[in-house]
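Novice: Here it is: the structure, laid out below.
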Amino acid sequence: MALMDFIKKQFIDVLQWTEDGDGTLAWRFPMSGMEIQNGGTLVVRESQMAVFVNEGKVADVFGPGTYKLTTQTLPVLTYLKNWDKLFESPFKSDVYFFSTRQQIDQKWGTPQPITIRDKDFGAVRLRAFGNYAFRIADPKLFHTEISGTRDVYPVGDLEGQLRGLVLQNISNAIAGSGLPFLDLAANQVMFADALTKELAPIFAKLGLLIENLTVQNVSLPEELQKILDQKIGMGMVGNDMAKFMQYQTAQAIPKFAENSGGGSGIAGDAMGLGAGVALGQVMAQNLQQGLQGGGNPAPAAAAVAAATGVKPEDVMATLEKLGELKSKGILTQEEFDAKKSELLKKLI
C-alpha cells in the first residue's frame, strides 16, 4: 500500500508564481499531497521574492532569478532537515512568493480634524489628505509579522492599518521637523518629507518600505488661514512693513468706500477712495518712522484727521492692530515697541 501511495504521489519540477492581477502581497504555492523534486527549478521573477518555510521556521530566501533546488542552493533548509550533502530525494517544504513591486495610490486622510501642537500657535486643528506607495522590502519579516501561513494576503487587508499609522504620526512629524506649522502648511513637499521620515522606521518593522508619500491638501481653520495669507503678503513686498501696510490699506479701500458716509453714487465713492488713500499713506509713513526709531508723527496725524476725520480713539485701534500683528509674528517686539511709543505720544 505504501508503495502505491509513493507511485501516486506527484512531484513538483517547477515552482513559480505568475501574478494574475494587482493587489496581492503574498501567495503560497499549493503543496497539498505533493513534494518538491530534488533538482527541481525555482523561478522568481523580477519584482518577486520567494521564501522556503520548514515546519514554521523561515529557511532560505530567494531574490529574482532561476535556481536549481539542491542542498547547495538550500543551505538553511538542508541544515533544518539534517540532510546529507548527497541527499537527492524529493522533499516537502512550504514555499511563499512575495510581490516586491510598488503598491501605488494608497489613500490616507483625516476623517475628522486632528489637533497638533505648534511652537508658534500652541494647538492647531487641521484636516489633510494625500496618497502614498509602499513595497515589501523584507519578505522574511513580513511573513513572520503580517502574512503568516495564509494562502493569499491582499493589499486591502493591510490598508486600514497603514492608514492609521499615517494619521497617528502626523503630529509627531510636525514636531520632529522643528519647523513652524505655517512653513509646513505652505510647503506640502516639506510636510510630506517630514511625515515620510517619521513613518519609515515604523513601516520597516513590518518589512515594508514607504515611498512617494504626498500631501495633496492641508485645510486650516479660517483664522489660521488669514495669518498664512498675511505672511504670504509680507513675502510679496519683501518683508517691508511700510509697503505691507500700504498693501493692506489698498485691500481695504473698496470696503472703506462702500461704507463711506460722505455721499452716494460716484461722489460717495470718490470721497471714500480719497480718504482710504490718505489713510494708507499716513499709516505707512507713521509705521516707517516708528521702525526707524525717529521722526515726528504729529503732522502725519493731523493729515489723517483732516483727510479722514480720524478720532483720538483711532490711535488706540491702530495700537491694537499692531498688537495683533506682533502676536501673529509679523512684527518683532522691537518694531512694536517703537511704534507703540510713537502712538502713545498722541494720547498725551
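Chain labels run A, B, ... following the order of the C-alpha cells; each chain numbers its residues from 1, and ligands are numbered from 1 in the order shown.
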How close does region 194-213 of chain A get to region 104-112 of chain A? List, as CSV, each residue of region 194-213 of chain A within 12 Å, its nearest atom pair and the distance in Å to one decimal, counting only C-alpha atoms.

Specialist:
residue,atom,partner,partner_atom,distance
A:Ile210,CA,A:Ile104,CA,10.3
A:Glu211,CA,A:Ile104,CA,8.9
A:Asn212,CA,A:Ile104,CA,8.7
A:Leu213,CA,A:Gln106,CA,9.1

Novice: Applying 12 Å and only C-alpha atoms, which residues near Thr196 (chain A) remain after dropping the ones on its own chain fewer than 6 positions away? List them as an NGL selection string.

Specialist: :A and (131-134 or 165-167 or 169-170 or 172-174 or 176-177 or 189-190 or 202-204 or 209-215)

Novice: Of the candidates A:Ile146, A:Leu220, A:Ile12, A:Val44, which shows the shortest atom-to-atom distance to Thr115 (chain A), using only C-alpha atoms?

Specialist: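 Smallest distance to Thr115 (chain A) is found for A:Leu220.
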
Novice: I'd like the interatomic distance between CA of Leu179 (chain A) and CA of Leu208 (chain A), to a tenth of an Å.

Specialist: 27.5 Å

Novice: A:Leu195, A:Val43, A:Leu162, A:Ile136: which is nearest Gly207 (chain A), counting only C-alpha atoms?

Specialist: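 Checking each of A:Leu195, A:Val43, A:Leu162, A:Ile136 against Gly207 (chain A), counting only C-alpha atoms, the winner is A:Ile136.
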
Novice: Report as a PyMOL selection string: the residues of region 45-266 of chain A with a DSSP assignment of alpha helix (DSSP H), based on the backbone of this structure.

Specialist: chain A and resi 75-81+139-142+156-168+170-177+181-186+188-204+222-236+241-259+265-266

Novice: Write to file, as an mmCIF file, in the first residue's frame, the residues of the selection just made, with C-alpha atoms.

Specialist:
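Dumped everything to result_29.cif:
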data_model
loop_
_atom_site.group_PDB
_atom_site.id
_atom_site.type_symbol
_atom_site.label_atom_id
_atom_site.label_comp_id
_atom_site.auth_asym_id
_atom_site.auth_seq_id
_atom_site.Cartn_x
_atom_site.Cartn_y
_atom_site.Cartn_z
ATOM 1 C CA PRO A 75 21.641 25.558 2.827
ATOM 2 C CA VAL A 76 19.293 26.613 5.624
ATOM 3 C CA LEU A 77 16.645 24.033 4.695
ATOM 4 C CA THR A 78 19.370 21.381 4.465
ATOM 5 C CA TYR A 79 20.506 22.286 7.976
ATOM 6 C CA LEU A 80 16.967 22.277 9.400
ATOM 7 C CA LYS A 81 16.214 18.875 7.884
ATOM 8 C CA PRO A 139 9.752 39.228 2.934
ATOM 9 C CA LYS A 140 11.023 37.188 5.886
ATOM 10 C CA LEU A 141 9.923 39.882 8.351
ATOM 11 C CA PHE A 142 6.661 40.475 6.505
ATOM 12 C CA GLY A 156 -6.714 45.501 1.124
ATOM 13 C CA ASP A 157 -6.146 43.607 4.368
ATOM 14 C CA LEU A 158 -3.301 45.977 5.229
ATOM 15 C CA GLU A 159 -4.770 49.304 4.099
ATOM 16 C CA GLY A 160 -6.555 50.184 7.333
ATOM 17 C CA GLN A 161 -3.505 49.510 9.498
ATOM 18 C CA LEU A 162 -1.168 51.568 7.322
ATOM 19 C CA ARG A 163 -3.637 54.446 7.043
ATOM 20 C CA GLY A 164 -3.911 54.513 10.830
ATOM 21 C CA LEU A 165 -0.127 54.683 11.167
ATOM 22 C CA VAL A 166 -0.007 57.688 8.821
ATOM 23 C CA LEU A 167 -2.665 59.591 10.775
ATOM 24 C CA GLN A 168 -1.143 58.675 14.125
ATOM 25 C CA ILE A 170 1.192 63.472 11.586
ATOM 26 C CA SER A 171 1.631 65.351 14.860
ATOM 27 C CA ASN A 172 4.973 63.659 15.562
ATOM 28 C CA ALA A 173 6.189 64.523 12.072
ATOM 29 C CA ILE A 174 5.459 68.219 12.520
ATOM 30 C CA ALA A 175 7.009 68.320 15.995
ATOM 31 C CA GLY A 176 10.075 66.325 14.935
ATOM 32 C CA SER A 177 10.757 68.539 11.922
ATOM 33 C CA PHE A 181 3.475 74.667 11.158
ATOM 34 C CA LEU A 182 2.863 77.622 8.827
ATOM 35 C CA ASP A 183 6.071 76.785 6.928
ATOM 36 C CA LEU A 184 4.979 73.156 6.563
ATOM 37 C CA ALA A 185 1.436 74.093 5.530
ATOM 38 C CA ALA A 186 2.762 76.463 2.858
ATOM 39 C CA GLN A 188 3.429 70.494 1.136
ATOM 40 C CA VAL A 189 6.570 68.792 -0.186
ATOM 41 C CA MET A 190 8.352 69.662 3.056
ATOM 42 C CA PHE A 191 5.354 68.364 5.012
ATOM 43 C CA ALA A 192 5.416 65.079 3.037
ATOM 44 C CA ASP A 193 9.167 64.649 3.607
ATOM 45 C CA ALA A 194 8.763 65.149 7.367
ATOM 46 C CA LEU A 195 5.927 62.621 7.501
ATOM 47 C CA THR A 196 7.863 60.077 5.398
ATOM 48 C CA LYS A 197 10.862 60.378 7.722
ATOM 49 C CA GLU A 198 8.623 59.693 10.722
ATOM 50 C CA LEU A 199 6.923 56.684 9.112
ATOM 51 C CA ALA A 200 9.975 54.954 7.584
ATOM 52 C CA PRO A 201 11.167 53.099 10.733
ATOM 53 C CA ILE A 202 7.588 52.121 11.644
ATOM 54 C CA PHE A 203 6.964 50.586 8.211
ATOM 55 C CA ALA A 204 10.372 48.875 8.377
ATOM 56 C CA GLU A 222 -10.266 80.186 8.964
ATOM 57 C CA GLU A 223 -8.364 82.316 11.473
ATOM 58 C CA LEU A 224 -5.110 80.457 10.821
ATOM 59 C CA GLN A 225 -5.623 80.707 7.067
ATOM 60 C CA LYS A 226 -5.841 84.508 7.432
ATOM 61 C CA ILE A 227 -2.489 84.539 9.208
ATOM 62 C CA LEU A 228 -0.955 82.446 6.454
ATOM 63 C CA ASP A 229 -2.352 84.844 3.838
ATOM 64 C CA GLN A 230 -0.789 87.780 5.700
ATOM 65 C CA LYS A 231 2.562 86.035 5.827
ATOM 66 C CA ILE A 232 2.386 85.406 2.078
ATOM 67 C CA GLY A 233 1.509 89.082 1.593
ATOM 68 C CA MET A 234 4.574 90.098 3.588
ATOM 69 C CA GLY A 235 6.744 87.960 1.327
ATOM 70 C CA MET A 236 5.274 89.642 -1.758
ATOM 71 C CA MET A 241 6.425 96.791 6.779
ATOM 72 C CA ALA A 242 5.644 100.161 5.199
ATOM 73 C CA LYS A 243 4.836 98.546 1.866
ATOM 74 C CA PHE A 244 2.863 95.845 3.645
ATOM 75 C CA MET A 245 0.675 98.447 5.387
ATOM 76 C CA GLN A 246 0.118 100.158 2.055
ATOM 77 C CA TYR A 247 -0.850 96.769 0.601
ATOM 78 C CA GLN A 248 -3.267 96.110 3.465
ATOM 79 C CA THR A 249 -4.800 99.571 3.106
ATOM 80 C CA ALA A 250 -5.212 99.131 -0.632
ATOM 81 C CA GLN A 251 -7.092 95.873 0.021
ATOM 82 C CA ALA A 252 -9.400 97.725 2.417
ATOM 83 C CA ILE A 253 -10.149 100.712 0.122
ATOM 84 C CA PRO A 254 -13.153 99.120 -1.642
ATOM 85 C CA LYS A 255 -14.835 98.314 1.679
ATOM 86 C CA PHE A 256 -13.949 101.746 3.051
ATOM 87 C CA ALA A 257 -15.524 103.407 0.030
ATOM 88 C CA GLU A 258 -18.667 101.302 0.337
ATOM 89 C CA ASN A 259 -19.089 102.301 3.973
ATOM 90 C CA GLY A 265 -23.019 107.163 -6.099
ATOM 91 C CA ILE A 266 -19.878 108.440 -7.807
#

Novice: Using only C-alpha atoms, which residues sit within 10 Å of region 58-71 of chain A once same-chain residues fewer than 3 positions away are excluded, as number ranges by chain?

Specialist: A: 13-16, 36-55, 74-80, 83-89, 93-98, 100, 138-141, 143-144

Novice: From the list A:Phe11, A:Trp27, A:Phe336, A:Trp17, which residue is nearest Tyr153 (chain A) when using only C-alpha atoms?

Specialist: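 Of the candidates, the smallest distance to Tyr153 (chain A) is held by A:Trp27.
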
Novice: Restricting the calculation to only C-alpha atoms, which member of A:Glu342, A:Glu335, A:Glu324, A:Asp151 is positioned closest to Leu25 (chain A)?

Specialist: A:Asp151

Novice: Could you give me, as a PyMOL selection string, each residue of region 14-113 of chain A that DSSP assigns to strand (DSSP E or B) when run on this structure's backbone?

Specialist: chain A and resi 14-15+24-28+34-44+48-54+57-62+65-68+91+94-99+103-109

Novice: Using only C-alpha atoms, can you tell me which of A:Thr318, A:Gln216, A:Ser147, A:Ser341 comes closest to Ala128 (chain A)?

Specialist: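 Distance minimum relative to Ala128 (chain A) lands on A:Gln216.
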